[in-house]
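A.B. asks: What follows is my_file-v1.cif, mmCIF, C-alpha atoms and all ligand atoms.
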```cif
data_upload
#
loop_
_atom_site.label_atom_id
_atom_site.label_comp_id
_atom_site.auth_asym_id
_atom_site.auth_seq_id
_atom_site.Cartn_x
_atom_site.Cartn_y
_atom_site.Cartn_z
CA MET A 6 151.14 157.83 94.34
CA ASP A 7 150.67 154.19 93.39
CA GLN A 8 149.97 151.61 96.03
CA HIS A 9 153.50 150.13 95.86
CA ALA A 10 155.16 153.50 96.46
CA ALA A 11 152.72 154.20 99.30
CA ALA A 12 154.09 151.16 101.14
CA PHE A 13 157.42 152.98 101.38
CA THR A 14 156.17 156.29 102.69
CA ASP A 15 156.81 156.98 106.33
CA PRO A 16 153.52 156.96 108.24
CA PHE A 17 155.17 158.99 110.99
CA ALA A 18 156.69 161.72 108.82
CA GLU A 19 154.48 164.37 110.42
CA ILE A 20 155.26 163.26 113.97
CA ARG A 21 158.97 163.29 113.15
CA GLN A 22 158.70 166.79 111.69
CA GLU A 23 156.90 168.12 114.76
CA VAL A 24 159.28 166.44 117.21
CA ALA A 25 162.24 167.80 115.23
CA LYS A 26 160.75 171.30 115.46
CA LEU A 27 160.43 170.96 119.23
CA CYS A 28 163.99 169.62 119.51
CA ALA A 29 165.35 172.59 117.56
CA ARG A 30 164.49 174.70 120.63
CA PHE A 31 167.02 172.61 122.60
CA PRO A 32 170.32 172.83 120.68
CA GLY A 33 173.77 171.48 121.53
CA GLU A 34 174.58 174.31 123.98
CA TYR A 35 171.55 173.39 126.09
CA TRP A 36 172.69 169.76 126.47
CA ARG A 37 176.35 170.69 126.92
CA LYS A 38 175.54 172.95 129.86
CA LEU A 39 173.39 170.27 131.51
CA ASP A 40 176.11 167.71 130.88
CA GLN A 41 178.71 169.88 132.63
CA GLU A 42 176.43 170.43 135.60
CA ARG A 43 174.94 166.93 135.55
CA ALA A 44 171.60 168.69 135.66
CA TYR A 45 168.14 167.47 134.65
CA PRO A 46 166.64 168.78 131.36
CA THR A 47 163.48 170.10 133.04
CA ALA A 48 162.54 172.51 130.24
CA PHE A 49 162.96 169.82 127.56
CA VAL A 50 160.93 167.26 129.51
CA ARG A 51 158.22 169.86 130.13
CA ALA A 52 158.08 170.70 126.42
CA LEU A 53 157.80 167.02 125.43
CA THR A 54 155.10 166.48 128.06
CA GLU A 55 153.10 169.55 127.05
CA ALA A 56 153.20 168.46 123.42
CA GLY A 57 151.75 165.13 124.56
CA TYR A 58 154.67 163.00 123.36
CA LEU A 59 155.42 161.35 126.69
CA ALA A 60 151.79 160.27 126.90
CA ALA A 61 151.97 158.67 123.45
CA LEU A 62 151.17 155.20 124.77
CA ILE A 63 148.53 156.20 127.32
CA PRO A 64 145.05 155.45 125.90
CA GLU A 65 142.85 158.42 125.05
CA GLU A 66 140.31 157.49 127.75
CA PHE A 67 143.03 158.28 130.33
CA GLY A 68 144.06 161.53 128.67
CA GLY A 69 146.92 160.19 126.54
CA ALA A 70 147.44 160.20 122.79
CA GLY A 71 146.66 156.49 122.39
CA LEU A 72 149.35 156.04 119.74
CA THR A 73 151.03 152.81 118.68
CA LEU A 74 154.44 151.56 119.78
CA SER A 75 155.77 152.38 116.29
CA ALA A 76 154.68 155.99 116.75
CA ALA A 77 156.34 156.13 120.18
CA ALA A 78 159.49 154.66 118.61
CA ALA A 79 159.41 157.36 115.91
CA ILE A 80 159.18 160.04 118.63
CA LEU A 81 162.17 158.75 120.61
CA GLU A 82 164.22 158.04 117.49
CA THR A 83 163.69 161.63 116.33
CA VAL A 84 164.63 163.05 119.74
CA GLN A 85 167.99 161.26 119.49
CA ALA A 86 168.51 161.96 115.78
CA GLU A 87 168.09 165.67 116.51
CA GLY A 88 170.93 165.58 119.06
CA CYS A 89 168.72 165.64 122.17
CA ASN A 90 168.62 162.96 124.86
CA GLY A 91 165.41 161.11 125.64
CA ALA A 92 167.07 159.17 128.47
CA ALA A 93 165.85 161.88 130.81
CA CYS A 94 162.27 160.82 130.35
CA HIS A 95 161.88 157.81 128.01
CA ALA A 96 160.92 155.51 130.87
CA GLN A 97 157.77 157.54 131.44
CA MET A 98 156.50 156.15 128.15
CA TYR A 99 156.82 152.50 129.05
CA ILE A 100 156.78 152.17 132.86
CA MET A 101 153.15 153.24 132.94
CA GLY A 102 152.41 150.12 130.83
CA THR A 103 152.57 148.04 134.02
CA ILE A 104 149.82 150.13 135.62
CA LEU A 105 147.83 150.13 132.37
CA ARG A 106 147.99 146.36 131.91
CA HIS A 107 147.97 145.13 135.50
CA GLY A 108 146.78 148.00 137.71
CA SER A 109 143.30 148.24 139.22
CA ASP A 110 140.69 150.57 137.71
CA ALA A 111 141.18 152.89 140.67
CA GLN A 112 144.96 153.02 140.07
CA LYS A 113 144.48 153.70 136.37
CA ARG A 114 142.05 156.51 137.09
CA GLN A 115 144.21 157.93 139.85
CA TYR A 116 147.55 157.94 138.04
CA LEU A 117 147.30 157.74 134.25
CA PRO A 118 145.52 161.07 133.55
CA LYS A 119 147.99 162.91 135.80
CA ILE A 120 150.94 161.17 134.16
CA ALA A 121 149.51 162.20 130.78
CA THR A 122 149.32 165.88 131.74
CA GLY A 123 152.71 165.83 133.43
CA GLU A 124 151.23 166.62 136.84
CA LEU A 125 152.86 163.38 138.00
CA ARG A 126 156.14 162.07 136.68
CA LEU A 127 156.50 158.29 136.67
CA GLN A 128 160.08 157.97 135.52
CA ALA A 129 161.76 155.83 138.16
CA PHE A 130 161.97 152.09 137.87
CA GLY A 131 163.52 150.29 140.84
CA VAL A 132 164.61 146.82 139.75
CA THR A 133 168.43 146.51 139.80
CA GLU A 134 170.20 145.91 143.10
CA PRO A 135 173.90 145.95 143.96
CA THR A 136 174.18 142.27 144.86
CA SER A 137 171.81 140.68 142.33
CA GLY A 138 172.67 142.60 139.13
CA THR A 139 171.19 140.96 136.07
CA ASP A 140 169.99 138.04 138.20
CA THR A 141 166.79 139.92 139.06
CA THR A 142 165.02 137.12 140.90
CA SER A 143 167.73 137.09 143.60
CA LEU A 144 166.99 140.66 144.55
CA ARG A 145 166.95 141.26 148.30
CA THR A 146 164.62 144.19 148.83
CA VAL A 147 161.67 142.88 150.81
CA ALA A 148 158.15 144.20 151.26
CA LYS A 149 156.38 142.68 154.25
CA ARG A 150 152.62 143.01 154.60
CA GLU A 151 151.51 144.43 157.96
CA GLY A 152 147.78 145.17 158.05
CA ASP A 153 146.88 147.84 155.50
CA HIS A 154 150.43 148.51 154.36
CA TYR A 155 153.77 146.96 153.39
CA VAL A 156 157.07 147.68 155.10
CA VAL A 157 159.94 147.89 152.62
CA ASN A 158 163.59 147.29 153.47
CA GLY A 159 166.54 146.99 151.11
CA GLN A 160 168.44 148.86 148.44
CA LYS A 161 168.26 149.62 144.73
CA VAL A 162 171.06 150.82 142.52
CA TRP A 163 171.16 152.60 139.15
CA THR A 164 167.64 153.88 139.61
CA SER A 165 167.58 156.59 136.97
CA ARG A 166 165.74 159.89 137.49
CA ALA A 167 164.67 159.03 141.08
CA GLU A 168 165.26 162.62 142.18
CA HIS A 169 163.09 163.93 139.37
CA SER A 170 160.20 161.55 139.59
CA ASP A 171 157.03 161.75 141.67
CA LEU A 172 156.40 158.03 141.46
CA MET A 173 158.55 154.92 141.25
CA LEU A 174 157.59 151.46 140.15
CA LEU A 175 159.34 149.19 142.64
CA LEU A 176 160.01 145.46 142.41
CA ALA A 177 160.43 143.78 145.81
CA ARG A 178 160.21 140.31 147.25
CA THR A 179 157.02 139.60 149.18
CA THR A 180 157.58 135.86 149.71
CA PRO A 181 161.08 134.58 150.60
CA ARG A 182 162.82 132.79 147.74
CA GLY A 183 163.04 129.58 149.76
CA GLU A 184 159.24 129.46 150.11
CA VAL A 185 158.28 129.73 146.42
CA LYS A 186 158.13 126.98 143.80
CA ARG A 187 159.75 129.05 141.05
CA ARG A 188 162.30 131.77 141.69
CA THR A 189 160.22 134.10 139.52
CA ASP A 190 157.35 133.80 142.02
CA GLY A 191 157.02 135.86 145.19
CA LEU A 192 158.08 139.21 143.69
CA SER A 193 155.62 142.11 143.63
CA THR A 194 155.38 145.53 142.03
CA PHE A 195 154.44 148.68 143.95
CA ILE A 196 153.80 152.29 143.11
CA VAL A 197 155.93 154.33 145.50
CA ASP A 198 155.09 157.96 146.15
CA MET A 199 158.57 159.46 146.08
CA ARG A 200 157.67 162.82 147.61
CA ALA A 201 155.94 161.25 150.62
CA SER A 202 158.68 158.63 151.06
CA LEU A 203 161.74 160.85 150.88
CA GLY A 204 163.10 161.22 154.40
CA ASN A 205 160.41 158.85 155.71
CA GLY A 206 162.15 155.53 155.21
CA MET A 207 163.63 156.30 151.78
CA THR A 208 166.97 157.96 151.01
CA ILE A 209 168.27 158.77 147.54
CA ARG A 210 171.95 159.17 146.75
CA PRO A 211 173.07 160.38 143.31
CA ILE A 212 175.74 158.38 141.43
CA ARG A 213 177.93 160.45 139.14
CA THR A 214 178.43 158.63 135.85
CA MET A 215 180.35 159.24 132.62
CA MET A 216 177.27 160.77 131.04
CA ASN A 217 174.44 162.88 132.38
CA HIS A 218 171.90 160.23 133.33
CA ASN A 219 170.61 161.31 136.74
CA SER A 220 171.55 157.93 138.22
CA THR A 221 170.93 157.20 141.87
CA GLU A 222 170.95 154.54 144.52
CA ILE A 223 168.02 154.26 146.87
CA PHE A 224 167.90 152.94 150.42
CA PHE A 225 164.73 151.69 152.11
CA ASP A 226 164.63 151.55 155.87
CA ASN A 227 161.14 150.54 157.05
CA LEU A 228 159.47 152.50 154.27
CA ILE A 229 155.68 152.28 154.57
CA VAL A 230 153.85 151.66 151.29
CA PRO A 231 150.02 151.50 151.44
CA ALA A 232 148.64 148.10 150.41
CA GLU A 233 146.51 149.83 147.77
CA ASN A 234 149.76 150.70 145.95
CA LEU A 235 150.41 147.05 145.13
CA VAL A 236 150.02 146.62 141.37
CA GLY A 237 148.05 143.53 140.35
CA GLU A 238 148.40 140.40 142.42
CA GLU A 239 151.00 139.89 145.12
CA GLY A 240 153.76 137.55 143.96
CA ARG A 241 153.28 138.08 140.20
CA GLY A 242 155.39 141.22 139.88
CA PHE A 243 158.24 139.65 137.94
CA ARG A 244 155.85 138.61 135.18
CA TYR A 245 154.40 142.11 135.04
CA ILE A 246 157.89 143.55 134.61
CA LEU A 247 158.75 140.99 131.93
CA ASP A 248 155.55 141.92 130.10
CA GLY A 249 156.80 145.45 129.67
CA MET A 250 160.30 144.58 128.61
CA ASN A 251 159.67 144.05 124.92
CA ALA A 252 158.21 147.53 124.56
CA GLU A 253 161.09 148.98 126.57
CA ARG A 254 163.73 147.24 124.44
CA LEU A 255 162.10 148.29 121.18
CA LEU A 256 161.91 151.91 122.32
CA ILE A 257 165.53 151.94 123.47
CA ALA A 258 166.51 150.35 120.15
CA ALA A 259 164.67 153.16 118.35
CA GLU A 260 166.71 155.66 120.36
CA CYS A 261 169.91 153.95 119.26
CA ILE A 262 168.75 154.18 115.64
CA GLY A 263 168.26 157.91 116.22
CA ASP A 264 171.74 158.22 117.72
CA ALA A 265 173.25 156.37 114.74
CA LYS A 266 171.46 158.72 112.34
CA TRP A 267 172.77 161.75 114.24
CA PHE A 268 176.37 160.44 114.19
CA LEU A 269 176.23 159.57 110.49
CA GLN A 270 174.74 162.90 109.46
CA LYS A 271 177.25 164.80 111.56
CA ALA A 272 180.18 162.74 110.24
CA ALA A 273 179.13 162.93 106.58
CA ASP A 274 178.65 166.72 106.82
CA TYR A 275 182.07 167.11 108.40
CA ALA A 276 183.76 164.73 105.94
CA ARG A 277 182.42 166.75 102.98
CA GLU A 278 183.64 170.05 104.44
CA ARG A 279 186.95 169.23 106.07
CA ARG A 280 189.83 169.51 103.60
CA VAL A 281 193.19 167.88 104.32
CA PHE A 282 195.91 167.33 101.67
CA GLY A 283 193.93 169.61 99.39
CA ARG A 284 190.73 167.52 99.23
CA PRO A 285 187.74 166.63 101.41
CA ILE A 286 188.59 163.88 103.88
CA GLY A 287 185.31 162.23 102.82
CA GLN A 288 186.93 161.41 99.48
CA ASN A 289 189.11 158.83 101.21
CA GLN A 290 187.69 155.34 101.41
CA GLY A 291 189.27 155.01 104.85
CA ILE A 292 186.78 157.66 105.99
CA GLN A 293 183.87 156.51 103.81
CA PHE A 294 183.82 152.81 104.57
CA PRO A 295 183.34 152.83 108.37
CA LEU A 296 180.49 155.33 107.84
CA ALA A 297 178.94 153.27 105.06
CA LYS A 298 179.23 150.12 107.14
CA ALA A 299 177.63 151.74 110.19
CA TYR A 300 174.85 153.04 107.94
CA ALA A 301 174.13 149.53 106.67
CA GLN A 302 174.15 148.20 110.25
CA MET A 303 171.75 150.94 111.32
CA ARG A 304 169.33 150.23 108.47
CA ALA A 305 169.28 146.50 109.23
CA ALA A 306 168.64 147.20 112.92
CA GLU A 307 165.91 149.67 111.95
CA LEU A 308 164.09 146.90 110.10
CA MET A 309 164.27 144.73 113.20
CA VAL A 310 162.80 147.54 115.31
CA ARG A 311 159.95 147.88 112.81
CA ASP A 312 159.34 144.14 112.73
CA GLY A 313 159.27 143.98 116.54
CA CYS A 314 156.87 146.94 116.79
CA ALA A 315 154.58 145.45 114.12
CA LYS A 316 154.42 142.13 115.99
CA PHE A 317 153.81 143.92 119.30
CA GLU A 318 150.95 145.88 117.73
CA ALA A 319 149.50 142.68 116.32
CA GLY A 320 149.21 141.38 119.89
CA LEU A 321 152.13 138.95 119.60
CA THR A 322 155.03 138.71 122.06
CA PRO A 323 158.10 139.80 120.10
CA GLY A 324 160.73 138.64 122.60
CA GLU A 325 163.11 137.52 119.87
CA GLU A 326 162.72 140.67 117.78
CA ALA A 327 162.82 143.11 120.71
CA ASN A 328 166.02 141.58 122.06
CA MET A 329 167.71 141.42 118.67
CA ALA A 330 166.58 144.95 117.81
CA LYS A 331 168.03 146.31 121.03
CA MET A 332 171.36 144.51 120.53
CA LEU A 333 171.74 145.33 116.83
CA ALA A 334 170.68 148.96 117.24
CA ALA A 335 173.01 149.52 120.21
CA GLU A 336 175.88 148.04 118.19
CA ALA A 337 174.98 150.15 115.16
CA SER A 338 174.89 153.37 117.19
CA TRP A 339 178.23 152.50 118.72
CA ALA A 340 179.76 151.75 115.29
CA ALA A 341 178.37 155.05 114.00
CA GLY A 342 179.69 156.92 117.06
CA GLU A 343 183.12 155.36 116.65
CA ALA A 344 183.23 156.25 112.94
CA CYS A 345 181.99 159.76 113.71
CA ILE A 346 184.66 160.46 116.30
CA GLN A 347 187.36 159.07 113.99
CA THR A 348 186.07 161.19 111.10
CA HIS A 349 186.32 164.31 113.24
CA GLY A 350 189.93 163.59 114.23
CA GLY A 351 190.93 165.82 117.17
CA PHE A 352 187.70 167.83 116.92
CA GLY A 353 185.73 164.72 117.86
CA PHE A 354 187.06 165.25 121.38
CA ALA A 355 186.09 168.92 121.61
CA GLU A 356 182.93 169.44 123.66
CA GLU A 357 181.50 172.05 121.31
CA TYR A 358 181.01 169.46 118.55
CA ASP A 359 178.73 167.35 120.78
CA VAL A 360 180.23 164.17 119.30
CA GLU A 361 182.03 163.15 122.48
CA ARG A 362 178.86 163.74 124.53
CA LYS A 363 176.70 161.60 122.24
CA PHE A 364 179.50 159.01 122.14
CA ARG A 365 179.38 158.70 125.94
CA GLU A 366 175.60 158.67 126.01
CA THR A 367 175.08 155.96 123.42
CA ARG A 368 177.61 153.57 124.97
CA LEU A 369 175.20 152.84 127.80
CA TYR A 370 172.81 150.88 125.63
CA GLN A 371 175.09 147.89 125.27
CA VAL A 372 174.82 147.47 129.05
CA ALA A 373 171.40 148.82 130.09
CA PRO A 374 168.58 148.09 130.35
CA ILE A 375 170.00 144.69 129.48
CA SER A 376 173.52 143.80 128.44
CA THR A 377 174.44 142.24 125.12
CA ASN A 378 175.60 138.99 126.72
CA LEU A 379 172.20 138.42 128.26
CA ILE A 380 170.52 139.06 124.90
CA LEU A 381 172.80 136.51 123.27
CA SER A 382 171.93 134.06 126.05
CA TYR A 383 168.24 134.71 125.40
CA ILE A 384 168.61 133.98 121.68
CA ALA A 385 170.69 130.87 122.36
CA GLU A 386 168.21 129.47 124.85
CA HIS A 387 164.80 130.65 123.68
CA VAL A 388 165.29 130.82 119.92
CA LEU A 389 167.95 128.20 119.19
CA GLY A 390 166.85 125.80 121.92
CA LEU A 391 170.31 125.49 123.48
CA PRO A 392 170.73 124.62 127.17
CA ARG A 393 170.45 127.54 129.58
CA SER A 394 173.98 128.71 130.39
CA TYR A 395 173.33 130.28 133.80
C1 LIG A 401 173.28 154.64 133.64
C2 LIG A 401 172.47 153.46 134.05
C3 LIG A 401 171.09 153.60 134.21
C4 LIG A 401 170.32 152.52 134.67
N1 LIG A 401 168.99 152.71 134.95
C5 LIG A 401 168.32 151.74 135.62
C6 LIG A 401 167.01 151.96 136.13
O1 LIG A 401 166.44 153.05 135.97
N2 LIG A 401 166.41 150.97 136.83
C7 LIG A 401 167.00 149.77 137.06
O2 LIG A 401 166.39 148.91 137.69
N3 LIG A 401 168.24 149.50 136.56
C8 LIG A 401 168.91 150.47 135.87
N4 LIG A 401 170.19 150.23 135.39
C9 LIG A 401 170.80 148.94 135.66
C10 LIG A 401 171.06 148.11 134.42
O3 LIG A 401 169.85 147.56 133.97
C11 LIG A 401 172.11 147.08 134.79
O4 LIG A 401 173.33 147.78 134.96
C12 LIG A 401 172.27 146.03 133.75
O5 LIG A 401 171.10 145.24 133.68
C13 LIG A 401 173.45 145.11 134.06
O6 LIG A 401 173.40 144.70 135.41
P1 LIG A 401 174.69 144.88 136.35
O7 LIG A 401 175.20 146.28 136.17
O8 LIG A 401 174.35 144.47 137.71
O9 LIG A 401 175.74 143.93 135.72
P2 LIG A 401 176.02 142.40 136.14
O10 LIG A 401 174.75 141.63 136.18
O11 LIG A 401 176.88 142.41 137.33
O12 LIG A 401 176.86 141.95 134.88
C14 LIG A 401 178.18 142.43 134.63
C15 LIG A 401 178.67 141.87 133.30
O13 LIG A 401 178.64 140.45 133.35
C16 LIG A 401 177.89 139.94 132.29
N5 LIG A 401 177.16 138.72 132.74
C17 LIG A 401 176.46 138.54 133.88
N6 LIG A 401 175.91 137.31 133.90
C18 LIG A 401 176.26 136.71 132.73
C19 LIG A 401 175.99 135.45 132.13
N7 LIG A 401 175.24 134.54 132.75
N8 LIG A 401 176.51 135.19 130.92
C20 LIG A 401 177.28 136.10 130.29
N9 LIG A 401 177.57 137.30 130.79
C21 LIG A 401 177.06 137.61 131.99
C22 LIG A 401 176.92 141.03 131.90
O14 LIG A 401 176.52 140.91 130.56
C23 LIG A 401 177.76 142.27 132.14
O15 LIG A 401 178.51 142.55 131.01
C24 LIG A 401 170.95 151.28 134.87
C25 LIG A 401 172.32 151.13 134.65
C26 LIG A 401 173.08 152.21 134.26
C27 LIG A 401 174.57 152.02 134.09
#
```
Written as structure tokens, that's how I'd like the structure from this file.
Ligand SMILES: Cc1cc2nc3c(=O)[nH]c(=O)nc-3n(C[C@H](O)[C@H](O)[C@H](O)COP(=O)(O)OP(=O)(O)OC[C@H]3O[C@@H](n4cnc5c(N)ncnc54)[C@H](O)[C@@H]3O)c2cc1C
C.D. replies:
Amino acid sequence: MDQHAAAFTDPFAEIRQEVAKLCARFPGEYWRKLDQERAYPTAFVRALTEAGYLAALIPEEFGGAGLTLSAAAAILETVQAEGCNGAACHAQMYIMGTILRHGSDAQKRQYLPKIATGELRLQAFGVTEPTSGTDTTSLRTVAKREGDHYVVNGQKVWTSRAEHSDLMLLLARTTPRGEVKRRTDGLSTFIVDMRASLGNGMTIRPIRTMMNHNSTEIFFDNLIVPAENLVGEEGRGFRYILDGMNAERLLIAAECIGDAKWFLQKAADYARERRVFGRPIGQNQGIQFPLAKAYAQMRAAELMVRDGCAKFEAGLTPGEEANMAKMLAAEASWAAGEACIQTHGGFGFAEEYDVERKFRETRLYQVAPISTNLILSYIAEHVLGLPRSY
């Protein structure tokens, strides 16, 4: 192959093939049953963990695969493109980044190898609260230092996977907002041992949602967290969380690309087969064009994901690219889902086709982990230099 053609080969073709093989063991029926029961995909998460995929971003010295963000993106994209749902565990890939970048040596040695083997699941991320919403710095959960521990009081909402995680990364206020210079100061991150905390100052309540996402709300009533579980310096937690957000957004964007690919494949297959008025419905431009348009949207978003990952790997801070990738990819997956359901006509609503399930699942990404409006505000303010609107 000449050097120009080589530039277009997929460096992750083998990873994709292997992930697809693993996903084939978890077909539509598996996800449908879980969806009906709102149950956690334990067997799927175990298989991904055992194959080392969830430890993709953990360095080899801590027992992980030490892969790049692009490789992790290829893994999650493939999971979605094969009809599975990485939402059950994707956070494990990026939450540990906070411990890796800002944790002490002791914390890294204590947690990362066990997260890599799956002995410990770090899948819960407690940031959002009912009263603060997107305005993270007004969160009200407080952690007060008392000797060798902190006492945590407050509430989190939408904490995904809390019932299926051994550890949670918690963001709480350690200095009252009125006593800090900047509202981003005075917040701290903690590693919370979920098993030890449950029933001892921490209560978890599931929230049933339109898709199977294992959402919960968590209440803290004098929860004791050892001081050694503070990550990094007290008061700098918001920065640590921000540091991890670009990787998170790029990985979620990659999942949306995978969803879009699944919808488009499913719709094109159906449109070739389904005959109405004596010809395949896919012969009608009314069916073709929404699919073609969604495909073009997906490919453009895919380039943005790749650009963001490349900048991240070069040590840059791809805030602009990560935000745009997440927005464009979430819109592309939604356009593809919409075209897919329309292509299927009535059958798009039948559970056994999996279209309606994927349609519900992919809708989330225009809201979480950050909503489209806030991404547009970011671009307006930080890229275009317009006045902050909030
Ligand atoms: C299924 C699910 C799983 C989640 N998992 C987690 C998790 O694991 N951990 C966690 O911490 N959080 C999680 N979240 C929370 C998620 O990150 C938030 O829902 C999201 O950031 C939006 O916050 P909010 O729901 O409070 O909306 P709000 O902040 O109340 O916003 C509501 C609407 O108003 C718009 N809006 C608000 N302010 C502005 C503004 N200034 N300009 C323009 N528009 C504005 C928003 O864009 C949005 O459309 C999850 C949410 C869901 C639904």
A.B. asks: For ligand LIG 401 (chain A), collect every residue having any atom at a distance of at most 6 Å from a ligand atom (counting only C-alpha atoms and all ligand atoms); output as a ChimeraX atom specification.
C.D. replies: /A:129-133,138-139,163-165,218,220,372-379,395
A.B. asks: Output as a tab-separated table one row per residue of segment 248-329 of chain A within 8 Å of segment 83-107 of chain A: the closest atom pair and its distance in Å to one decimal place, counting only C-alpha atoms, sorted by chain and residue number ascending.
C.D. replies:
```
residue	atom	partner	partner_atom	distance
A:Asp248	CA	A:Thr103	CA	7.9
A:Gly249	CA	A:Gly102	CA	6.5
A:Ala252	CA	A:Tyr99	CA	6.8
A:Glu253	CA	A:Tyr99	CA	6.1
A:Glu260	CA	A:Gln85	CA	5.8
A:Cys261	CA	A:Gln85	CA	7.6
A:Ile262	CA	A:Ala86	CA	7.8
A:Gly263	CA	A:Ala86	CA	4.1
A:Asp264	CA	A:Gln85	CA	5.1
A:Ala265	CA	A:Ala86	CA	7.4
A:Lys266	CA	A:Ala86	CA	5.6
A:Trp267	CA	A:Ala86	CA	4.5
```
A.B. asks: Restricted to C-alpha atoms, what would the selected residues look like written as a compact mmCIF listing (two decimals), in the coordinates of the input?
C.D. replies:
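Heads up, here's the output in part_4.txt:
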```txt
# COMPACT_ATOMS: atom_id res chain seq x y z
CA ASP A 248 155.55 141.92 130.10
CA GLY A 249 156.80 145.45 129.67
CA ALA A 252 158.21 147.53 124.56
CA GLU A 253 161.09 148.98 126.57
CA GLU A 260 166.71 155.66 120.36
CA CYS A 261 169.91 153.95 119.26
CA ILE A 262 168.75 154.18 115.64
CA GLY A 263 168.26 157.91 116.22
CA ASP A 264 171.74 158.22 117.72
CA ALA A 265 173.25 156.37 114.74
CA LYS A 266 171.46 158.72 112.34
CA TRP A 267 172.77 161.75 114.24
```
A.B. asks: Smallest atom-to-atom distance to Ala385 of chain A: which of A:Asp359, A:Asp40, A:Glu325, A:Glu343, using all atoms listed in the file?
C.D. replies: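 Among the listed residues, A:Glu325 lies closest to Ala385 of chain A.
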A.B. asks: Measuring atom to atom with all atoms listed in the file, identify which of A:Ile212, A:Leu192, A:Met199, A:Val157 is nearest to Gly237 of chain A.
C.D. replies: A:Leu192
A.B. asks: Taking into account only C-alpha atoms, which residue in the set A:Pro231, A:Arg43, A:Pro211, A:Tyr58 is nearest to Glu151 of chain A?
C.D. replies: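 When distances to Glu151 of chain A are compared using only C-alpha atoms, the smallest one comes from A:Pro231.
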A.B. asks: Separation of atom CA of Leu27 of chain A and atom CA of Leu308 of chain A, in Å?
C.D. replies: 26.0 Å
A.B. asks: Out of A:Leu247, A:Trp36, A:Arg21, A:Glu307, which residue has the shortest atom-to-atom distance to Thr322 of chain A when counting all atoms listed in the file?
C.D. replies: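 Of the candidates, the smallest distance to Thr322 of chain A is held by A:Leu247.
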A.B. asks: I'd like the contact shell of Ala327 of chain A - 6 Å cut-off, only C-alpha atoms, skipping same-chain residues fewer than 4 positions apart - returned as a PDB file with C-alpha atoms, keeping the file's coordinate frame.
C.D. replies:
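Result saved to part-v3.pdb:
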```pdb
ATOM      1  CA  ASN A 251     159.670 144.050 124.920  1.00  0.00           C
ATOM      2  CA  ARG A 254     163.730 147.240 124.440  1.00  0.00           C
ATOM      3  CA  LEU A 255     162.100 148.290 121.180  1.00  0.00           C
ATOM      4  CA  GLY A 313     159.270 143.980 116.540  1.00  0.00           C
ATOM      5  CA  PRO A 323     158.100 139.800 120.100  1.00  0.00           C
TER       6      PRO A 323
END
```
A.B. asks: Given all atoms listed in the file as the basis, pick out the residue of A:Ala10, A:Ala330, A:Ala61, A:Leu39 nearest to Gln371 of chain A.
C.D. replies: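 Under the stated criterion, the closest residue is A:Ala330.
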A.B. asks: Which distance in Å separates atom CA of Ile63 of chain A and atom CA of Gln112 of chain A, to one decimal?
C.D. replies: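 Distance between the two atoms: 13.6 Å.
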A.B. asks: In Å, with one decimal, what is the gap from atom CA of Arg30 of chain A to atom CA of Gly69 of chain A?
C.D. replies: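 Result for atom CA of Arg30 of chain A versus atom CA of Gly69 of chain A: 23.5 Å, one decimal.
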A.B. asks: Choose the residue, out of A:Ala259, A:Gly242, A:Gly183, A:Arg166, that has the smallest atom-to-atom separation from Thr221 of chain A; count all atoms listed in the file.
C.D. replies: A:Arg166
A.B. asks: List the neighbours of Asp198 of chain A out to 6 Å using all atoms listed in the file; skip same-chain residues closer than 2 positions along the sequence, and give me the result as number ranges by chain.
C.D. replies: A: 172, 200-201
A.B. asks: I'd like the neighbourhood of Phe225 of chain A as a PDB file with C-alpha atoms, in the frame of the given file, where a residue qualifies if any of its atoms comes within 9 Å (using only C-alpha atoms), though same-chain residues fewer than 5 positions away should be ignored.
C.D. replies:
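Saved result, out.pdb, follows:
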```
ATOM      1  CA  THR A 146     164.620 144.190 148.830  1.00  0.00           C
ATOM      2  CA  VAL A 157     159.940 147.890 152.620  1.00  0.00           C
ATOM      3  CA  ASN A 158     163.590 147.290 153.470  1.00  0.00           C
ATOM      4  CA  GLY A 159     166.540 146.990 151.110  1.00  0.00           C
ATOM      5  CA  GLN A 160     168.440 148.860 148.440  1.00  0.00           C
ATOM      6  CA  LYS A 161     168.260 149.620 144.730  1.00  0.00           C
ATOM      7  CA  GLY A 206     162.150 155.530 155.210  1.00  0.00           C
ATOM      8  CA  MET A 207     163.630 156.300 151.780  1.00  0.00           C
ATOM      9  CA  THR A 208     166.970 157.960 151.010  1.00  0.00           C
TER      10      THR A 208
END
```
A.B. asks: Mind checking which residues fall within 12 Å of Arg114 of chain A, counting only C-alpha atoms, ignoring those fewer than 4 positions away in the same chain, and posting them as a ChimeraX atom specification?
C.D. replies: /A:63-64,66-68,104-105,108-110,118-121
A.B. asks: So that I can see what lies close to Glu19 of chain A, please list as a list in words the residues with an atom at most 12 Å from it, counting only C-alpha atoms and leaving out residues fewer than 3 positions away in the same chain.
C.D. replies: Thr14, Asp15, Pro16, Gln22, Glu23, Val24, Ala25, Lys26, Ala76, Ala79, Ile80 and Thr83 of chain A
A.B. asks: Emit the selected residues as a CSV table (one decimal), in the coordinates of the input, including C-alpha atoms.
C.D. replies:
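Once everything was written out, this is out_20.csv:
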```
chain,number,residue,atom,x,y,z
A,14,THR,CA,156.2,156.3,102.7
A,15,ASP,CA,156.8,157.0,106.3
A,16,PRO,CA,153.5,157.0,108.2
A,22,GLN,CA,158.7,166.8,111.7
A,23,GLU,CA,156.9,168.1,114.8
A,24,VAL,CA,159.3,166.4,117.2
A,25,ALA,CA,162.2,167.8,115.2
A,26,LYS,CA,160.8,171.3,115.5
A,76,ALA,CA,154.7,156.0,116.8
A,79,ALA,CA,159.4,157.4,115.9
A,80,ILE,CA,159.2,160.0,118.6
A,83,THR,CA,163.7,161.6,116.3
```
